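Here's the structure we're looking at; comments come further down.
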Amino acid sequence: MKNKMALTFALKNIRSQRESHIPYILSSSLIFAIVYTMVSLTKNEYVLTRHAMLVQLIGMGLIVVLILGFIFLAYGNKFIMKRRNKEFALYGILGLEKKHISKIIFFEFIINTLLIGVLSFLMGHLFGRVSYLGLGKIMDFGLDLSGYPFYAENLIFTFLAILIFSFVLYLFNVIRISKQTPIELLNYEKTGEKEPKSKFIFALLGLAFLGTGYYIALTAKGTIMSFSYFFIAVILVMIGL
């Protein structure tokens, strides 16, 4: 299959599946817009010179947003791919090889990544400007938008995060499709989620992480150190869940 044909299939698929693709793209863009906003604030000269502690807090929050964002995108991607099993099965029945299907998914990955990147930048820069002015209002310090310039490294960081997350999900999709036959893809939607084989062990680990996280959150004392402990507690609770 030539690249032009694969691109045509990818564009057609995105249009035909727009009821699921559009919400996924918009929600992904919103997540990475938040990422862009948080990164831009940590690089802002006013925030760096006057609110060094705030930079540390935003940096911790950024890690939490990235983790939650990946989990959310993984579930969204799984939902979309499950609805497309019949489509991929039909491709196989019509004679398309797995490498051809992978090429179509690759072009879909490129298109979605570019769309999410553009929307994330536009929304993120707008959110960042509003957040910057809001910070000045809260601190009772007059600020104007000239103190919130555009930095290319903020855009690069956000786009790299989008690219890495999307590429990991693309690999998951390709591996899953390559391991299943068209018949298995047709029947996949009828099968329920399989329980993990070691669910008792996972349950114990989850309880351990949850208990440790809540214990740290409840026993942390102090000011600066308490934020660090609270951040660790949040990560542990997320892993436990």
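In the structure tokens, chains take letters A, B, ... by order of appearance, with residues numbered from 1 within each chain and ligands from 1 in the order shown.
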
Contacts of A:Leu119 at 8 Å (only C-alpha atoms; same-chain gap of 4+ positions) as a ChimeraX atom specification: /A:26,29,33,115,123

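Neighbours of stretch 126-130 of chain A closer than or equal to 8 Å, with only C-alpha atoms counted and sequence neighbours fewer than 6 positions away skipped, come out as A:Ala33, A:Ile34, A:Tyr36, A:Thr37, A:Met38, A:Ser40, A:Leu41, A:Leu145, A:Tyr148.
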
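You will find atom CA of A:Phe157 at 24.4 Å from atom CA of A:Asn173.
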
9 Å contact set for stretch 73-75 of chain A, only C-alpha atoms, chain neighbours under 5 positions out, as a ChimeraX atom specification: /A:24,27-28,68,80,165-166,169

Write out, as a compact mmCIF listing (two decimals), in the first residue's frame, the residues just selected, with C-alpha atoms.
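Saved result, result07.txt, follows:
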# COMPACT_ATOMS: atom_id res chain seq x y z
CA TYR A 24 -10.88 12.44 22.09
CA SER A 27 -10.17 16.31 25.63
CA SER A 28 -6.53 15.48 24.82
CA LEU A 68 -3.47 11.40 35.02
CA ILE A 80 -12.03 4.11 20.32
CA PHE A 165 2.15 9.76 24.75
CA SER A 166 0.54 9.33 21.32
CA LEU A 169 -0.58 4.41 22.42

Who sits within 9 Å of A:Leu11, only C-alpha atoms, same chain under 5 positions skipped, as a PyMOL selection string: chain A and resi 6+16+107-108+111

Those residues you just picked out, can you put them in a file as a PDB file, in the first residue's frame with C-alpha atoms?
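Produced file again_29.pdb, reproduced below:
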ATOM      1  CA  ALA A   6      -2.893   4.961   3.468  1.00  0.00           C
ATOM      2  CA  SER A  16     -16.356   8.509   9.587  1.00  0.00           C
ATOM      3  CA  PHE A 107      -1.090   8.266   9.487  1.00  0.00           C
ATOM      4  CA  GLU A 108      -4.015   8.611  11.884  1.00  0.00           C
ATOM      5  CA  ILE A 111      -2.919  13.657  12.002  1.00  0.00           C
TER       6      ILE A 111
END

Residues within 8 Å of A:Val35, please, as a PDB file with C-alpha atoms, in the first residue's frame. Count only C-alpha atoms; anything in the same chain fewer than 2 positions from it doesn't count.
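Okay, this is what ended up in result_34.pdb:
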ATOM      1  CA  ILE A  31      -5.101  18.136  29.029  1.00  0.00           C
ATOM      2  CA  PHE A  32      -2.014  19.304  27.161  1.00  0.00           C
ATOM      3  CA  ALA A  33      -3.248  22.901  27.215  1.00  0.00           C
ATOM      4  CA  THR A  37      -0.002  26.595  30.904  1.00  0.00           C
ATOM      5  CA  MET A  38       1.815  25.044  33.861  1.00  0.00           C
ATOM      6  CA  VAL A  39       5.135  24.871  32.006  1.00  0.00           C
ATOM      7  CA  LEU A  62       2.672  19.036  36.327  1.00  0.00           C
ATOM      8  CA  VAL A  65      -1.329  16.071  35.411  1.00  0.00           C
ATOM      9  CA  LEU A  66       0.943  14.135  33.039  1.00  0.00           C
ATOM     10  CA  GLY A 124      -2.726  26.670  26.516  1.00  0.00           C
ATOM     11  CA  THR A 158       4.277  20.244  25.271  1.00  0.00           C
TER      12      THR A 158
END

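Each of A:Ile104, A:Ala152, A:Ile110, A:Leu163 was checked against A:Lys2 using only C-alpha atoms; the smallest atom-to-atom distance is that of A:Ile104.
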
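Distances here use only C-alpha atoms; by that measure, the residue among A:Phe79, A:Lys103, A:Gly95, A:Tyr151 closest to A:Lys4 is A:Lys103.
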
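Going from atom CA of A:His21 to atom CA of A:Met81 covers 10.5 Å.
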
Gap from atom CA of A:Glu19 to atom CA of A:Val174 - Å, one decimal: 22.3 Å

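Around A:Ile175, within 12 Å and counting only C-alpha atoms, the residues found are Lys98, Lys99, Ile101, Ser102, Ile105, Val168, Leu169, Tyr170, Leu171, Phe172, Asn173, Ile177, Ser178, Lys179 and Gln180 of chain A, once anything fewer than 2 positions away on its own chain is removed.
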
N, CA, C and O atoms of the current selection, written as a JSON list (two decimals), in the first residue's frame:
[["chain", "number", "residue", "atom", "x", "y", "z"],
["A", 98, "LYS", "N", -1.43, -6.95, 7.85],
["A", 98, "LYS", "CA", -1.29, -6.22, 9.11],
["A", 98, "LYS", "C", -0.41, -4.97, 8.95],
["A", 98, "LYS", "O", -0.66, -3.94, 9.58],
["A", 99, "LYS", "N", 0.62, -5.07, 8.08],
["A", 99, "LYS", "CA", 1.49, -3.92, 7.88],
["A", 99, "LYS", "C", 0.75, -2.76, 7.21],
["A", 99, "LYS", "O", 1.05, -1.59, 7.43],
["A", 101, "ILE", "N", -2.55, -2.16, 7.62],
["A", 101, "ILE", "CA", -3.39, -1.58, 8.67],
["A", 101, "ILE", "C", -2.54, -0.71, 9.61],
["A", 101, "ILE", "O", -2.97, 0.36, 10.03],
["A", 102, "SER", "N", -1.34, -1.19, 9.91],
["A", 102, "SER", "CA", -0.44, -0.41, 10.77],
["A", 102, "SER", "C", -0.07, 0.91, 10.12],
["A", 102, "SER", "O", 0.05, 1.93, 10.81],
["A", 105, "ILE", "N", -3.00, 3.29, 10.57],
["A", 105, "ILE", "CA", -3.03, 3.77, 11.95],
["A", 105, "ILE", "C", -1.92, 4.79, 12.18],
["A", 105, "ILE", "O", -2.08, 5.75, 12.94],
["A", 168, "VAL", "N", 3.31, 6.02, 22.17],
["A", 168, "VAL", "CA", 3.16, 4.83, 23.03],
["A", 168, "VAL", "C", 1.81, 4.16, 22.78],
["A", 168, "VAL", "O", 1.72, 2.94, 22.65],
["A", 169, "LEU", "N", 0.75, 4.96, 22.68],
["A", 169, "LEU", "CA", -0.58, 4.41, 22.42],
["A", 169, "LEU", "C", -0.65, 3.80, 21.02],
["A", 169, "LEU", "O", -1.30, 2.77, 20.81],
["A", 170, "TYR", "N", 0.03, 4.43, 20.06],
["A", 170, "TYR", "CA", 0.10, 3.87, 18.70],
["A", 170, "TYR", "C", 0.75, 2.50, 18.71],
["A", 170, "TYR", "O", 0.27, 1.57, 18.06],
["A", 171, "LEU", "N", 1.84, 2.35, 19.46],
["A", 171, "LEU", "CA", 2.52, 1.06, 19.56],
["A", 171, "LEU", "C", 1.61, 0.01, 20.18],
["A", 171, "LEU", "O", 1.57, -1.14, 19.72],
["A", 172, "PHE", "N", 0.89, 0.38, 21.23],
["A", 172, "PHE", "CA", -0.07, -0.54, 21.85],
["A", 172, "PHE", "C", -1.10, -1.01, 20.83],
["A", 172, "PHE", "O", -1.45, -2.20, 20.77],
["A", 173, "ASN", "N", -1.62, -0.08, 20.03],
["A", 173, "ASN", "CA", -2.63, -0.43, 19.03],
["A", 173, "ASN", "C", -2.08, -1.39, 17.98],
["A", 173, "ASN", "O", -2.74, -2.37, 17.62],
["A", 177, "ILE", "N", -3.36, -5.31, 17.41],
["A", 177, "ILE", "CA", -3.93, -5.73, 16.13],
["A", 177, "ILE", "C", -3.09, -6.83, 15.48],
["A", 177, "ILE", "O", -3.62, -7.77, 14.87],
["A", 178, "SER", "N", -1.76, -6.72, 15.61],
["A", 178, "SER", "CA", -0.88, -7.71, 14.99],
["A", 178, "SER", "C", -1.02, -9.10, 15.62],
["A", 178, "SER", "O", -0.70, -10.10, 14.98],
["A", 179, "LYS", "N", -1.50, -9.15, 16.87],
["A", 179, "LYS", "CA", -1.62, -10.43, 17.57],
["A", 179, "LYS", "C", -2.99, -11.07, 17.44],
["A", 179, "LYS", "O", -3.21, -12.17, 17.95],
["A", 180, "GLN", "N", -3.93, -10.39, 16.77],
["A", 180, "GLN", "CA", -5.30, -10.91, 16.67],
["A", 180, "GLN", "C", -5.69, -11.14, 15.21],
["A", 180, "GLN", "O", -5.32, -10.36, 14.32]]

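In this comparison, which uses only C-alpha atoms, the residue of A:Val118, A:Leu155, A:Ile63, A:Ile93 approaching A:Lys43 most closely is A:Leu155.
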